[in-house]
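Data file: data25.cif. Format and content: mmCIF, C-alpha atoms.
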```
data_entry
#
loop_
_atom_site.label_atom_id
_atom_site.label_comp_id
_atom_site.auth_asym_id
_atom_site.auth_seq_id
_atom_site.Cartn_x
_atom_site.Cartn_y
_atom_site.Cartn_z
CA MET N 1 -10.80 16.16 11.80
CA SER N 2 -12.76 13.81 14.07
CA GLU N 3 -11.12 10.58 15.23
CA ASN N 4 -14.24 8.79 13.95
CA THR N 5 -13.87 10.22 10.43
CA PRO N 6 -11.80 8.15 7.99
CA VAL N 7 -8.62 9.75 6.67
CA LEU N 8 -9.03 7.74 3.47
CA GLU N 9 -12.18 6.39 1.83
CA VAL N 10 -11.96 4.43 -1.40
CA LYS N 11 -15.49 3.85 -2.66
CA ASP N 12 -16.13 1.36 -5.48
CA VAL N 13 -13.01 2.51 -7.33
CA SER N 14 -12.04 1.06 -10.70
CA ILE N 15 -8.95 2.08 -12.71
CA ALA N 16 -8.16 0.97 -16.25
CA TYR N 17 -5.34 1.22 -18.79
CA GLU N 18 -6.04 1.49 -22.49
CA SER N 19 -3.87 -0.59 -24.81
CA ALA N 20 -3.85 -1.86 -28.37
CA ARG N 21 -5.22 -5.16 -27.05
CA GLY N 22 -8.09 -3.46 -25.27
CA SER N 23 -8.94 -2.02 -21.89
CA VAL N 24 -7.06 -3.46 -18.92
CA GLN N 25 -8.95 -3.21 -15.64
CA ALA N 26 -6.04 -2.99 -13.20
CA VAL N 27 -8.22 -2.05 -10.22
CA SER N 28 -11.81 -3.22 -10.00
CA HIS N 29 -14.50 -2.07 -7.54
CA ILE N 30 -12.20 -1.51 -4.56
CA ASN N 31 -13.61 -0.36 -1.23
CA LEU N 32 -11.24 0.65 1.57
CA SER N 33 -11.46 2.80 4.68
CA LEU N 34 -8.52 3.98 6.79
CA MET N 35 -9.00 5.67 10.16
CA PRO N 36 -6.64 8.22 11.75
CA ASP N 37 -3.57 6.82 13.51
CA HIS N 38 -4.01 3.38 11.89
CA ILE N 39 -1.91 1.33 9.47
CA LEU N 40 -3.64 -0.60 6.69
CA GLY N 41 -1.56 -3.14 4.79
CA LEU N 42 -2.17 -3.91 1.12
CA VAL N 43 -0.71 -7.21 -0.10
CA GLY N 44 -0.62 -9.04 -3.39
CA GLU N 45 1.60 -10.44 -6.11
CA SER N 46 3.17 -8.21 -8.75
CA GLY N 47 0.47 -7.02 -11.13
CA SER N 48 -2.34 -7.30 -8.59
CA GLY N 49 -3.09 -3.56 -8.81
CA LYS N 50 -1.51 -2.32 -5.57
CA SER N 51 0.67 0.42 -7.02
CA THR N 52 -2.00 1.46 -9.52
CA LEU N 53 -4.40 1.99 -6.63
CA ALA N 54 -1.77 3.98 -4.72
CA ASN N 55 -1.12 6.24 -7.71
CA GLY N 56 -4.85 6.58 -8.19
CA ILE N 57 -5.32 7.78 -4.61
CA MET N 58 -2.56 10.36 -5.09
CA ARG N 59 -4.03 11.24 -8.51
CA LEU N 60 -0.70 10.43 -10.12
CA LEU N 61 -1.96 8.01 -12.78
CA LYS N 62 0.26 8.07 -15.86
CA GLY N 63 -0.16 7.38 -19.54
CA SER N 64 -3.50 5.86 -20.49
CA ALA N 65 -4.42 4.99 -16.89
CA HIS N 66 -7.64 6.65 -15.76
CA LEU N 67 -10.31 6.43 -13.10
CA VAL N 68 -13.23 4.48 -14.53
CA GLY N 69 -15.58 4.89 -11.59
CA GLY N 70 -15.92 5.43 -7.88
CA GLU N 71 -14.74 8.08 -5.42
CA ILE N 72 -11.52 8.69 -3.49
CA LEU N 73 -11.90 10.88 -0.41
CA VAL N 74 -8.97 12.09 1.71
CA ASN N 75 -9.96 13.96 4.85
CA GLY N 76 -13.47 14.03 3.42
CA GLN N 77 -12.42 15.78 0.20
CA ASN N 78 -12.85 14.20 -3.22
CA VAL N 79 -9.38 14.12 -4.78
CA TYR N 80 -10.77 13.94 -8.32
CA GLN N 81 -12.93 17.05 -7.93
CA MET N 82 -9.98 19.32 -7.10
CA ASP N 83 -8.54 21.75 -9.62
CA ALA N 84 -4.81 21.57 -10.37
CA ARG N 85 -3.83 24.35 -7.95
CA THR N 86 -5.82 22.91 -5.05
CA LEU N 87 -4.43 19.43 -5.74
CA ARG N 88 -0.82 20.69 -5.69
CA GLN N 89 -1.35 22.19 -2.24
CA PHE N 90 -3.31 19.18 -1.01
CA ARG N 91 -0.48 16.80 -1.88
CA TRP N 92 2.23 16.70 0.79
CA ASN N 93 0.11 18.90 3.09
CA SER N 94 -2.67 16.32 3.54
CA MET N 95 -1.42 13.23 1.72
CA ALA N 96 2.07 12.12 0.77
CA MET N 97 3.70 9.09 -0.79
CA VAL N 98 6.92 7.15 -0.25
CA PHE N 99 7.81 5.48 -3.55
CA GLN N 100 9.55 2.16 -4.15
CA SER N 101 12.98 3.40 -5.18
CA ALA N 102 14.60 6.42 -3.56
CA MET N 103 16.84 6.93 -6.59
CA THR N 104 13.82 7.55 -8.83
CA VAL N 105 12.52 10.20 -6.42
CA LEU N 106 15.62 12.10 -5.34
CA ASN N 107 17.19 14.57 -7.77
CA PRO N 108 20.78 13.41 -8.42
CA VAL N 109 22.09 16.96 -9.02
CA MET N 110 20.64 18.54 -5.87
CA THR N 111 21.87 18.12 -2.31
CA VAL N 112 19.67 16.54 0.34
CA GLU N 113 19.23 19.93 1.99
CA GLN N 114 18.15 21.61 -1.24
CA GLN N 115 15.51 18.96 -1.90
CA MET N 116 14.11 19.18 1.61
CA MET N 117 14.08 22.98 1.52
CA ASP N 118 12.18 22.91 -1.78
CA VAL N 119 9.25 21.19 -0.08
CA PHE N 120 8.94 23.92 2.55
CA LEU N 121 9.53 26.85 0.19
CA SER N 122 6.95 25.50 -2.30
CA HIS N 123 4.21 24.82 0.23
CA ARG N 124 4.89 27.26 3.06
CA LYS N 125 4.56 30.69 1.52
CA GLY N 126 6.38 33.31 3.56
CA MET N 127 8.87 30.87 5.08
CA SER N 128 12.42 32.17 4.81
CA LYS N 129 15.29 30.10 3.42
CA GLN N 130 16.88 29.98 6.86
CA GLU N 131 13.67 28.66 8.40
CA ALA N 132 13.41 26.06 5.64
CA ARG N 133 17.05 25.07 6.23
CA ASN N 134 16.44 24.70 9.97
CA ARG N 135 13.34 22.56 9.38
CA SER N 136 15.31 20.40 6.94
CA LEU N 137 17.97 19.74 9.56
CA GLU N 138 15.23 18.82 12.04
CA LEU N 139 13.92 16.28 9.53
CA LEU N 140 17.37 14.70 9.33
CA ASP N 141 17.39 14.48 13.12
CA MET N 142 13.95 12.85 13.00
CA VAL N 143 15.14 10.01 10.75
CA ARG N 144 18.50 9.75 12.56
CA ILE N 145 20.77 10.95 9.80
CA ALA N 146 23.74 13.12 10.80
CA ARG N 147 23.34 16.78 9.84
CA LYS N 148 26.62 16.71 7.95
CA HIS N 149 24.83 14.74 5.22
CA ALA N 150 22.60 17.72 4.44
CA LYS N 151 25.23 18.83 1.92
CA SER N 152 25.53 15.34 0.39
CA TYR N 153 24.21 14.30 -3.01
CA PRO N 154 22.04 11.15 -3.26
CA HIS N 155 24.79 9.05 -4.87
CA GLU N 156 26.99 9.67 -1.83
CA LEU N 157 24.52 7.97 0.51
CA SER N 158 23.65 4.33 1.17
CA GLY N 159 20.34 2.84 0.05
CA GLY N 160 18.99 2.87 3.59
CA MET N 161 19.93 6.53 4.10
CA LYS N 162 18.29 7.55 0.83
CA GLN N 163 15.09 5.75 1.82
CA ARG N 164 15.07 7.51 5.22
CA ILE N 165 15.42 10.85 3.46
CA VAL N 166 12.47 10.05 1.18
CA ILE N 167 10.41 9.19 4.27
CA ALA N 168 11.50 12.45 5.92
CA ILE N 169 10.45 14.46 2.86
CA ALA N 170 7.06 12.73 2.82
CA LEU N 171 6.52 13.67 6.48
CA ALA N 172 7.87 17.23 6.14
CA LEU N 173 4.47 18.95 6.08
CA GLU N 174 2.89 16.52 8.57
CA PRO N 175 0.24 14.98 6.29
CA SER N 176 -2.57 12.97 7.82
CA LEU N 177 -2.18 10.18 5.21
CA VAL N 178 1.10 8.62 4.06
CA ILE N 179 1.10 5.98 1.33
CA MET N 180 4.18 3.76 1.41
CA ASP N 181 4.63 1.74 -1.77
CA GLU N 182 7.19 -1.03 -1.16
CA PRO N 183 9.44 1.32 0.88
CA THR N 184 11.95 -1.42 1.76
CA THR N 185 12.35 -2.93 -1.73
CA ALA N 186 15.98 -3.61 -2.75
CA LEU N 187 17.25 -3.11 0.82
CA ASP N 188 18.98 -5.90 2.73
CA VAL N 189 17.22 -7.58 5.64
CA VAL N 190 19.05 -5.63 8.36
CA VAL N 191 18.29 -2.27 6.74
CA GLN N 192 14.69 -3.37 6.12
CA ARG N 193 14.28 -4.05 9.83
CA SER N 194 15.73 -0.66 10.73
CA ILE N 195 13.44 1.19 8.29
CA LEU N 196 10.41 -0.77 9.48
CA ASP N 197 11.12 0.01 13.13
CA GLN N 198 11.53 3.68 12.30
CA ILE N 199 8.23 3.80 10.39
CA LYS N 200 6.45 2.35 13.42
CA GLU N 201 8.17 4.79 15.77
CA LEU N 202 7.37 7.84 13.61
CA GLN N 203 3.77 6.74 13.15
CA ARG N 204 3.32 6.47 16.93
CA GLU N 205 4.88 9.92 17.44
CA LYS N 206 3.15 11.80 14.60
CA HIS N 207 -0.17 9.87 14.56
CA PHE N 208 -0.54 9.84 10.77
CA ALA N 209 -2.43 7.08 8.96
CA VAL N 210 -0.46 4.73 6.70
CA LEU N 211 -1.42 2.70 3.65
CA PHE N 212 1.50 0.26 3.52
CA ILE N 213 1.86 -1.61 0.24
CA SER N 214 4.04 -4.68 -0.17
CA HIS N 215 4.29 -8.13 -1.71
CA ASP N 216 5.92 -9.29 1.55
CA PHE N 217 3.09 -10.82 3.54
CA SER N 218 5.03 -11.25 6.79
CA LEU N 219 6.24 -7.64 6.69
CA VAL N 220 2.73 -6.23 6.33
CA ALA N 221 1.25 -8.58 8.93
CA GLU N 222 3.79 -7.34 11.46
CA LEU N 223 3.37 -3.63 10.75
CA ALA N 224 -0.33 -3.16 10.00
CA SER N 225 -3.36 -3.51 12.23
CA GLN N 226 -5.54 -4.52 9.29
CA VAL N 227 -4.61 -6.17 6.00
CA ALA N 228 -6.30 -6.17 2.60
CA ILE N 229 -5.27 -8.89 0.14
CA MET N 230 -5.53 -8.05 -3.57
CA TYR N 231 -5.69 -10.45 -6.49
CA ALA N 232 -6.22 -9.48 -10.14
CA GLY N 233 -7.32 -5.97 -9.24
CA ARG N 234 -9.80 -6.93 -6.52
CA VAL N 235 -9.70 -7.21 -2.74
CA VAL N 236 -10.36 -10.88 -1.99
CA GLU N 237 -9.98 -10.60 1.78
CA MET N 238 -9.84 -7.93 4.48
CA THR N 239 -8.83 -9.08 7.95
CA GLU N 240 -7.20 -8.07 11.20
CA SER N 241 -3.47 -8.79 11.10
CA GLN N 242 -3.67 -10.53 14.49
CA GLY N 243 -5.93 -13.13 12.89
CA LEU N 244 -3.31 -14.11 10.35
CA SER N 245 -1.71 -17.43 11.19
CA LYS N 246 -0.26 -20.28 9.18
CA HIS N 247 -2.31 -22.60 11.38
CA ASP N 248 -5.58 -20.78 10.74
CA MET N 249 -7.00 -22.04 7.47
CA HIS N 250 -10.15 -19.90 7.74
CA HIS N 251 -8.89 -17.50 5.08
CA HIS N 252 -9.41 -16.95 1.39
CA PRO N 253 -7.52 -19.72 -0.49
CA TYR N 254 -5.21 -17.10 -1.99
CA THR N 255 -4.39 -15.70 1.47
CA SER N 256 -3.68 -19.22 2.72
CA GLY N 257 -1.42 -19.82 -0.27
CA LEU N 258 0.57 -16.66 0.47
CA MET N 259 0.99 -17.69 4.10
CA ARG N 260 2.18 -21.19 3.19
CA ALA N 261 4.83 -19.62 0.95
CA ILE N 262 6.44 -17.73 3.85
CA PRO N 263 9.66 -19.34 5.17
CA ARG N 264 9.34 -20.43 8.81
CA LEU N 265 12.11 -19.46 11.19
CA THR N 266 11.97 -22.71 13.14
CA HIS N 267 13.97 -25.91 13.27
CA GLU N 268 11.11 -27.83 11.72
CA ASP N 269 11.81 -29.48 8.40
CA VAL N 270 8.89 -27.81 6.65
CA GLU N 271 8.82 -27.45 2.89
CA ILE N 272 7.71 -24.09 1.52
CA GLU N 273 4.62 -24.41 -0.66
CA GLY N 274 4.30 -22.10 -3.64
CA ILE N 275 1.04 -21.16 -5.32
CA PRO N 276 0.71 -23.16 -8.56
CA GLY N 277 0.18 -21.45 -11.89
CA HIS N 278 0.60 -17.80 -12.75
CA PRO N 279 -1.30 -14.56 -12.09
CA PRO N 280 -4.03 -14.04 -14.70
CA ASN N 281 -3.79 -11.92 -17.83
CA LEU N 282 -5.78 -8.79 -16.95
CA VAL N 283 -6.75 -8.30 -20.60
CA GLU N 284 -8.41 -11.72 -20.65
CA LEU N 285 -9.45 -12.48 -17.09
CA PRO N 286 -10.91 -15.93 -16.40
CA SER N 287 -14.67 -16.04 -16.05
CA GLY N 288 -16.14 -16.19 -12.57
CA CYS N 289 -13.55 -15.97 -9.81
CA ALA N 290 -10.19 -14.90 -11.27
CA TYR N 291 -8.38 -17.20 -8.83
CA HIS N 292 -10.22 -20.39 -9.76
CA PRO N 293 -7.51 -21.76 -12.16
CA ARG N 294 -5.04 -21.82 -9.22
CA CYS N 295 -7.45 -22.58 -6.38
CA PRO N 296 -7.48 -25.98 -4.59
CA LEU N 297 -11.11 -25.41 -3.56
CA ALA N 298 -12.42 -24.42 -7.01
CA GLN N 299 -15.86 -25.77 -7.91
CA PRO N 300 -18.05 -25.34 -11.03
CA ILE N 301 -19.73 -22.22 -9.61
CA CYS N 302 -16.30 -20.58 -9.23
CA ARG N 303 -15.77 -20.80 -12.98
CA GLU N 304 -19.11 -19.18 -13.74
CA VAL N 305 -19.96 -16.61 -11.05
CA ARG N 306 -17.71 -13.97 -9.52
CA PRO N 307 -18.08 -14.18 -5.70
CA GLU N 308 -19.34 -11.15 -3.82
CA PRO N 309 -17.59 -10.15 -0.56
CA ILE N 310 -19.08 -11.62 2.62
CA ALA N 311 -18.65 -9.65 5.86
CA THR N 312 -18.43 -11.61 9.10
CA GLY N 313 -16.60 -11.30 12.40
CA GLY N 314 -14.66 -8.20 11.37
CA ARG N 315 -13.49 -9.85 8.15
CA LEU N 316 -14.43 -9.55 4.51
CA ILE N 317 -13.94 -12.52 2.19
CA ALA N 318 -14.91 -12.96 -1.46
CA CYS N 319 -15.09 -16.73 -1.96
CA HIS N 320 -17.89 -19.14 -2.84
CA ALA N 321 -16.42 -21.77 -0.50
CA PHE N 322 -16.57 -19.48 2.54
CA ASP N 323 -19.41 -20.33 4.91
CA PRO N 324 -19.82 -17.79 7.75
CA GLU N 325 -22.49 -19.96 9.39
CA LYS N 326 -19.86 -22.63 10.03
CA ARG N 327 -17.53 -20.33 12.00
CA GLY N 328 -15.79 -19.11 8.90
CA ALA N 329 -15.01 -22.58 7.60
CA PHE N 330 -14.44 -23.28 3.92
CA VAL N 331 -16.63 -25.94 2.38
CA HIS N 332 -16.90 -27.53 -1.03
CA VAL N 333 -19.78 -26.14 -3.02
CA SER N 334 -21.35 -27.21 -6.27
#
```
Spit out the file's structure as C-alpha cells when you get a sec.
Amino acid sequence: MSENTPVLEVKDVSIAYESARGSVQAVSHINLSLMPDHILGLVGESGSGKSTLANGIMRLLKGSAHLVGGEILVNGQNVYQMDARTLRQFRWNSMAMVFQSAMTVLNPVMTVEQQMMDVFLSHRKGMSKQEARNRSLELLDMVRIARKHAKSYPHELSGGMKQRIVIAIALALEPSLVIMDEPTTALDVVVQRSILDQIKELQREKHFAVLFISHDFSLVAELASQVAIMYAGRVVEMTESQGLSKHDMHHHPYTSGLMRAIPRLTHEDVEIEGIPGHPPNLVELPSGCAYHPRCPLAQPICREVRPEPIATGGRLIACHAFDPEKRGAFVHVS
C-alpha cells in the first residue's frame, strides 16, 4: 500500500442504537482519515461515541447497533461490503483491536501460549503447532514478558502483564491498523506509563497506524500526532497535538474545557476547572449545537443551528464562535 494512501477512511459515518424510547444516534456524520505510520487520538467524555465508532470500524457492533450511513475503508477496502469469511480473515491480518479490559478478552481457562497459538493456527493455514508456539514466544519477547509465563493462566498475571499480552495478540499478524480502546484503563499510573512507552516503541518498530481512544486528554495529546475531539457523537475539533496548550484558547470551547480540567504538575496554586452541566441525552439532543447548554460562548444562533466544521490552518472546528479570519479567534456572535 502506498504511503500516501490512508490506512483508515471514515466517510460520513453514522451509527445508531434502537431502543424502546426511540433511535439513539451514538455516532453522527463522522469523517476521519488515518495515514500509515501515524497515531490519531480520539478523545471525549463517556458516552461521546468513541467506543461505538471503534466497534463500528471493526464491524463488531452488538445488539441493536447498526450502521445508518457512510463508508468505512481499511486499506482501501469497504469493511461493510465483505462477506463473513472475508471479514474473519481481514480482522487481525489487516486490522486489530486492543479492548479496554484484558480480563474480558483473555480466556480464563486457556494458557497465554494457547491463546496466542490460536491466532496463528486460525489465520495462518499450514503453520505447524511448533511454529505457532515459537511465534508466540517471540511475541512475549516483544512485549518484554518472560517466556516462563507462556504456561500461565490470565488470573496468575498482573493487570499490566495481561494488557501487554492483549497488545501482543493484536500485533501477532502484523496488521496495518490497530485500534486501542482505553488500553490503560484500570491500571495504576506507573503501569500506564510503561504500557504507553511500549506502544510508542512498538509503533516505531512495526510502523502500524493507531487509532488511540481515551477520555484522558493529556495521555492522547502526548501519544498522538493528531487529535479528534468528540462530543455527543460528533467530532467538534480536529487538531495537531502539538497545538494543544492550556494557554492557547483558540480551540473549540469543549476542547478548552477539557484542557482546563487537567491537573497541572507545577507548584502554582491553580484550581482545576470542571465543565459545568452534564453530557446530553442522546435520545433527546438539544437543538442546534449539542454543547450550547454547557458552553460559555453560547449565543442564540447556537441554540438554533448546528455548526458545520470549518477547516483552517490544519485544524477543523465546528463552532459558530470560531472566526478563521481573525487568526482562529473565538468571537461572540448573534
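The gap separating CA of Gly49 (chain N) from CA of Val27 (chain N) is 5.5 Å, in Å to one decimal.
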**Asked** Using only C-alpha atoms, which residue out of N:Arg234, N:Lys50, N:His29, N:His38 lies closest to His215 (chain N)?
**Response** N:Lys50
**Message:** What would the selection look like, as a list in words, if the PyMOL selection byres ((chain N and resi 97) around 7) were run on the coordinates I just shared?
**Reply:**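 Checking the PyMOL selection byres ((chain N and resi 97) around 7) against this file, the residues are Ala96, Val98, Phe99, Ala170, Val178, Ile179 and Met180 of chain N.
Minimum atom-to-atom distance to Ala102 (chain N), evaluated using only C-alpha atoms, belongs to N:Pro154 out of N:Met142, N:Ile213, N:Leu316, N:Pro154.
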**Request:** May I ask for the distance between CA of Lys148 (chain N) and CA of Ile169 (chain N), given in Å to one decimal place?
**Result:** 17.1 Å
**Item:** Ground truth for the PyMOL selection byres ((chain N and resi 212) around 9), written as a PyMOL selection string
**Value:** chain N and resi 39-43+178-183+210-211+213-214+220+223-224
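Counting from CA of Ile229 (chain N), the distance to CA of Gly47 (chain N) is 12.8 Å.
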**Request:** List every protein, DNA or RNA residue with an atom no more than 6 Å from (24.0, 10.0, 3.5) in the file's coordinates, counting only C-alpha atoms, and format the result as a PyMOL selection string.
**Result:** chain N and resi 149+157+161
**Item:** Closest of N:Gly56, N:Gln130, N:Met238, N:Lys151 to Met110 (chain N) - atom-to-atom distances counting all atoms listed in the file
**Value:** N:Lys151
Run the PyMOL selection byres ((chain N and resi 302) around 7) mentally over the shown coordinates, then write out the matched residues as a JSON list (two decimals) with C-alpha atoms, in the coordinates of the input, using the chain letters and numbers from the document.
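In the end it all went to expr17.json:
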```
[["chain", "number", "residue", "atom", "x", "y", "z"],
["N", 288, "GLY", "CA", -16.14, -16.19, -12.57],
["N", 289, "CYS", "CA", -13.55, -15.97, -9.81],
["N", 292, "HIS", "CA", -10.22, -20.39, -9.76],
["N", 298, "ALA", "CA", -12.42, -24.42, -7.01],
["N", 299, "GLN", "CA", -15.86, -25.77, -7.91],
["N", 300, "PRO", "CA", -18.05, -25.34, -11.03],
["N", 301, "ILE", "CA", -19.73, -22.22, -9.61],
["N", 303, "ARG", "CA", -15.77, -20.80, -12.98],
["N", 304, "GLU", "CA", -19.11, -19.18, -13.74],
["N", 305, "VAL", "CA", -19.96, -16.61, -11.05],
["N", 306, "ARG", "CA", -17.71, -13.97, -9.52],
["N", 320, "HIS", "CA", -17.89, -19.14, -2.84]]
```
**Request:** Could you check which of N:Ala172, N:Ala150, N:Ile275, N:Ile262 is closest to His123 (chain N), using all atoms listed in the file?
**Result:**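 That would be N:Ala172, the residue with the smallest distance to His123 (chain N).
Proximity to Leu244 (chain N) was assessed for N:Arg315, N:Arg193, N:His207, N:His66 counting only C-alpha atoms; the smallest distance is recorded for N:Arg315.
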